[in-house]
Amino acid sequence: KSTHFGFQTVAEEQKAGRVAGVFSSVAATYDTMNDLMSLGIHRLWKDHFVRSLNPGTRSRESQKILDIAGGTGDIAFRLLDHATTINHDSQTSVLVSDINPDMLAEGRKRFSVSPYKAAGRVAFLEANAEDLSAINDNSIDLYTVAFGIRNFTHKQKALAEAYRVLKPGGVFACLEFTPQLRNPLFNAVYKRWSFGAIPLIGQVVAADRDSYQYLVESIEKFPSQEEFAGMIRKAGFLLPGQIGGAEDEGVKAWEDLTFGVAAIHKGVKP
Ligand code: SAM
């Protein structure tokens with residue numbers, strides 16, 4: 001049986017096409033599905049992610065934020081809300097970038113009625129995270145990517161692009177699922193939920209079992225927290241324990257969320 005986006009087994013090089021098919025299929029139901037699949041917890045993770053970044057500034061200078069794989073704009077909205085209400089910053093702007101025009105269209109639709117659009121604080125760019133040639137070197141203060149990077153074919157290339165576009169002192173921040181929970185019991189329950197329930201919910205709610213099956217499998221293939229921290233370091237970033245010169249073994253290079261179902265990784269461009 002071939003899936004409706006026309007693949008069975010694909011080579012890594014075909015991954016980009018497959019990912020495009022998946023996100024075009026899920027764009028319209030994506031936000032509802034996120035709530036169902038994560039039991040609403042993705043909202044708490046995203047809130048925490050943005051709070052930990054404290055976007056916006058109380059000084060007169062504004063920040064330029066790039067939200068990669070920004071999809072329907074969930075992170076961009078939170079970044080702008082935080083900057084505005086917590087830091088009273090009405091200048092900081094977000095460029096929402098995604099490879100998929102259907103996901104971007106959902107984001108545009110959501111922003112079309114928001115004051116951020118009228119104030120010119122949000123813009124959209126269709127681009128592959130592995131090639132951000134539309135964006136200048138050293139031009140971005142904060143690069144965010146939430147639940148996106150596991151879909152990229154060449155993750156190290158995307159990290160190199162993140163490094164290139166960030167200003168010195170700029171921050172790379174990633175929120176992503178992890179492939180394995182440390183506690184074997186929780187891991188067993190979690191795998192049962194993700195491999196059993198999520199494709200089923202996808203079938204019932206979005207009539208699209210295959211896309212949601214893909215999403216679950218892509219989590220399984222993503223590197224561990226340690227490995228991913230190593231990749232960020234390899235791209236040239238300083239990890240949290242390395243900022244300020246000496247290596248601090250006591251500082252974790254990432255933050256686990258909800259028993260390690262998801263994790264936040266950050267890096268600073270020296
Ligand atoms: N960041 C949003 C959120 O947290 O709700 C959306 C996450 S969604 C699971 C993943 C997004 O990654 C999709 O919108 C997809 O189109 C995008 N994506 C996949 N591969 C990409 C690539 N190579 N470059 C940029 N975006 C990509």
# chains A, B, ... in the order shown; residues from 1 in each chain; ligands from 1

$ select_by_dssp --residues "region 65-246 of chain A" --states "strand (DSSP E)" --output "count of residues only"
34

$ residues_near_ligand --ligand "ligand 1" --cutoff "6 Å" --atoms "only C-alpha atoms and all ligand atoms" --output "JSON, numbers by chain"
{"A": [19, 23, 69, 70, 71, 74, 98, 99, 100, 103, 127, 128, 129, 146, 147, 148, 151, 152]}

$ closest_atom_pairs --of "region 184-265 of chain A" --to "region 164-168 of chain A" --cutoff "12 Å" --atoms "only C-alpha atoms" --output "Markdown table"
| residue | atom | partner | partner_atom | distance |
| --- | --- | --- | --- | --- |
| A:Ala235 | CA | A:Arg164 | CA | 9.6 |
| A:Gly236 | CA | A:Arg164 | CA | 9.9 |
| A:Phe237 | CA | A:Pro168 | CA | 10.0 |
| A:Leu238 | CA | A:Pro168 | CA | 11.1 |

$ closest_residue --among "A:Val261, A:Pro199, A:Glu130, A:Arg108" --to "Ile68 (chain A)" --atoms "only C-alpha atoms"
A:Glu130

$ atom_distance --atom1 "CA of Gly120 (chain A)" --atom2 "CA of Leu44 (chain A)"
27.3 Å

$ closest_residue --among "A:Ile75, A:Leu142, A:Val189, A:Val26" --to "Gly267 (chain A)" --atoms "only C-alpha atoms"
A:Leu142

$ atom_distance --atom1 "CA of Leu125 (chain A)" --atom2 "CA of Ile41 (chain A)"
27.8 Å

$ select_by_dssp --residues "region 43-72 of chain A" --states "helix (DSSP H, G or I)" --output "VMD selection string"
chain A and resid 43 to 53

$ write_last_selection --atoms "N, CA, C and O atoms" --output "PDB file, in the first residue's frame"
ATOM      1  N   ARG A  43       1.551  23.325  25.129  1.00  0.00           N
ATOM      2  CA  ARG A  43       1.365  24.757  25.454  1.00  0.00           C
ATOM      3  C   ARG A  43       2.223  25.161  26.642  1.00  0.00           C
ATOM      4  O   ARG A  43       2.804  26.242  26.660  1.00  0.00           O
ATOM      5  N   LEU A  44       2.295  24.287  27.649  1.00  0.00           N
ATOM      6  CA  LEU A  44       3.107  24.595  28.839  1.00  0.00           C
ATOM      7  C   LEU A  44       4.582  24.612  28.476  1.00  0.00           C
ATOM      8  O   LEU A  44       5.332  25.471  28.927  1.00  0.00           O
ATOM      9  N   TRP A  45       4.995  23.651  27.646  1.00  0.00           N
ATOM     10  CA  TRP A  45       6.402  23.621  27.228  1.00  0.00           C
ATOM     11  C   TRP A  45       6.766  24.886  26.456  1.00  0.00           C
ATOM     12  O   TRP A  45       7.819  25.480  26.673  1.00  0.00           O
ATOM     13  N   LYS A  46       5.884  25.280  25.545  1.00  0.00           N
ATOM     14  CA  LYS A  46       6.162  26.472  24.732  1.00  0.00           C
ATOM     15  C   LYS A  46       6.207  27.718  25.607  1.00  0.00           C
ATOM     16  O   LYS A  46       7.079  28.578  25.436  1.00  0.00           O
ATOM     17  N   ASP A  47       5.269  27.801  26.580  1.00  0.00           N
ATOM     18  CA  ASP A  47       5.275  28.946  27.504  1.00  0.00           C
ATOM     19  C   ASP A  47       6.596  28.985  28.263  1.00  0.00           C
ATOM     20  O   ASP A  47       7.216  30.042  28.402  1.00  0.00           O
ATOM     21  N   HIS A  48       7.002  27.823  28.751  1.00  0.00           N
ATOM     22  CA  HIS A  48       8.236  27.757  29.542  1.00  0.00           C
ATOM     23  C   HIS A  48       9.455  28.120  28.684  1.00  0.00           C
ATOM     24  O   HIS A  48      10.344  28.863  29.124  1.00  0.00           O
ATOM     25  N   PHE A  49       9.465  27.593  27.471  1.00  0.00           N
ATOM     26  CA  PHE A  49      10.562  27.853  26.518  1.00  0.00           C
ATOM     27  C   PHE A  49      10.732  29.362  26.321  1.00  0.00           C
ATOM     28  O   PHE A  49      11.815  29.917  26.474  1.00  0.00           O
ATOM     29  N   VAL A  50       9.615  30.026  26.030  1.00  0.00           N
ATOM     30  CA  VAL A  50       9.664  31.465  25.742  1.00  0.00           C
ATOM     31  C   VAL A  50      10.029  32.255  26.999  1.00  0.00           C
ATOM     32  O   VAL A  50      10.858  33.165  26.946  1.00  0.00           O
ATOM     33  N   ARG A  51       9.451  31.863  28.133  1.00  0.00           N
ATOM     34  CA  ARG A  51       9.772  32.566  29.385  1.00  0.00           C
ATOM     35  C   ARG A  51      11.277  32.463  29.677  1.00  0.00           C
ATOM     36  O   ARG A  51      11.910  33.408  30.102  1.00  0.00           O
ATOM     37  N   SER A  52      11.827  31.276  29.413  1.00  0.00           N
ATOM     38  CA  SER A  52      13.254  31.072  29.714  1.00  0.00           C
ATOM     39  C   SER A  52      14.147  31.931  28.806  1.00  0.00           C
ATOM     40  O   SER A  52      15.286  32.211  29.142  1.00  0.00           O
ATOM     41  N   LEU A  53      13.611  32.337  27.663  1.00  0.00           N
ATOM     42  CA  LEU A  53      14.394  33.157  26.729  1.00  0.00           C
ATOM     43  C   LEU A  53      14.229  34.650  27.016  1.00  0.00           C
ATOM     44  O   LEU A  53      15.024  35.471  26.552  1.00  0.00           O
TER      45      LEU A  53
END

$ closest_residue --among "A:Ser59, A:Thr72, A:Thr144, A:Ser224" --to "Gln91 (chain A)" --atoms "only C-alpha atoms"
A:Ser59

$ closest_residue --among "A:Ala229, A:Ile65, A:Ala207, A:Ala27" --to "Leu80 (chain A)" --atoms "only C-alpha atoms"
A:Ile65

$ residues_around --residues "Ile243 (chain A)" --least-positions-apart "6" --cutoff "12 Å" --atoms "only C-alpha atoms" --output "VMD selection string"
chain A and resid 169 171 233 237 249 251 to 253 266 to 270

$ residues_around --residues "Asp89 (chain A)" --least-positions-apart "3" --cutoff "9 Å" --atoms "only C-alpha atoms" --output "PDB file with C-alpha atoms, in the first residue's frame"
ATOM      1  CA  GLY A  56      12.322  41.711  24.235  1.00  0.00           C
ATOM      2  CA  THR A  57      14.382  44.334  25.919  1.00  0.00           C
ATOM      3  CA  ARG A  58      13.762  47.229  28.248  1.00  0.00           C
ATOM      4  CA  SER A  59      16.452  49.245  26.518  1.00  0.00           C
ATOM      5  CA  ARG A  60      15.682  51.265  23.387  1.00  0.00           C
ATOM      6  CA  SER A  62      14.856  46.084  19.743  1.00  0.00           C
ATOM      7  CA  LEU A  80       5.847  38.868  20.878  1.00  0.00           C
ATOM      8  CA  HIS A  82       6.241  38.180  26.246  1.00  0.00           C
ATOM      9  CA  ALA A  83       8.302  41.036  24.807  1.00  0.00           C
ATOM     10  CA  THR A  84       5.271  43.329  24.867  1.00  0.00           C
ATOM     11  CA  THR A  85       3.616  42.518  28.181  1.00  0.00           C
ATOM     12  CA  ILE A  86       6.592  41.516  30.331  1.00  0.00           C
ATOM     13  CA  THR A  92      11.061  43.614  18.866  1.00  0.00           C
TER      14      THR A  92
END

$ residues_around --residues "Gly73 (chain A)" --least-positions-apart "3" --cutoff "9 Å" --atoms "only C-alpha atoms" --output "MDAnalysis selection string"
chainID A and resid 67 70 76:78 96 103:104 106:108 110:111
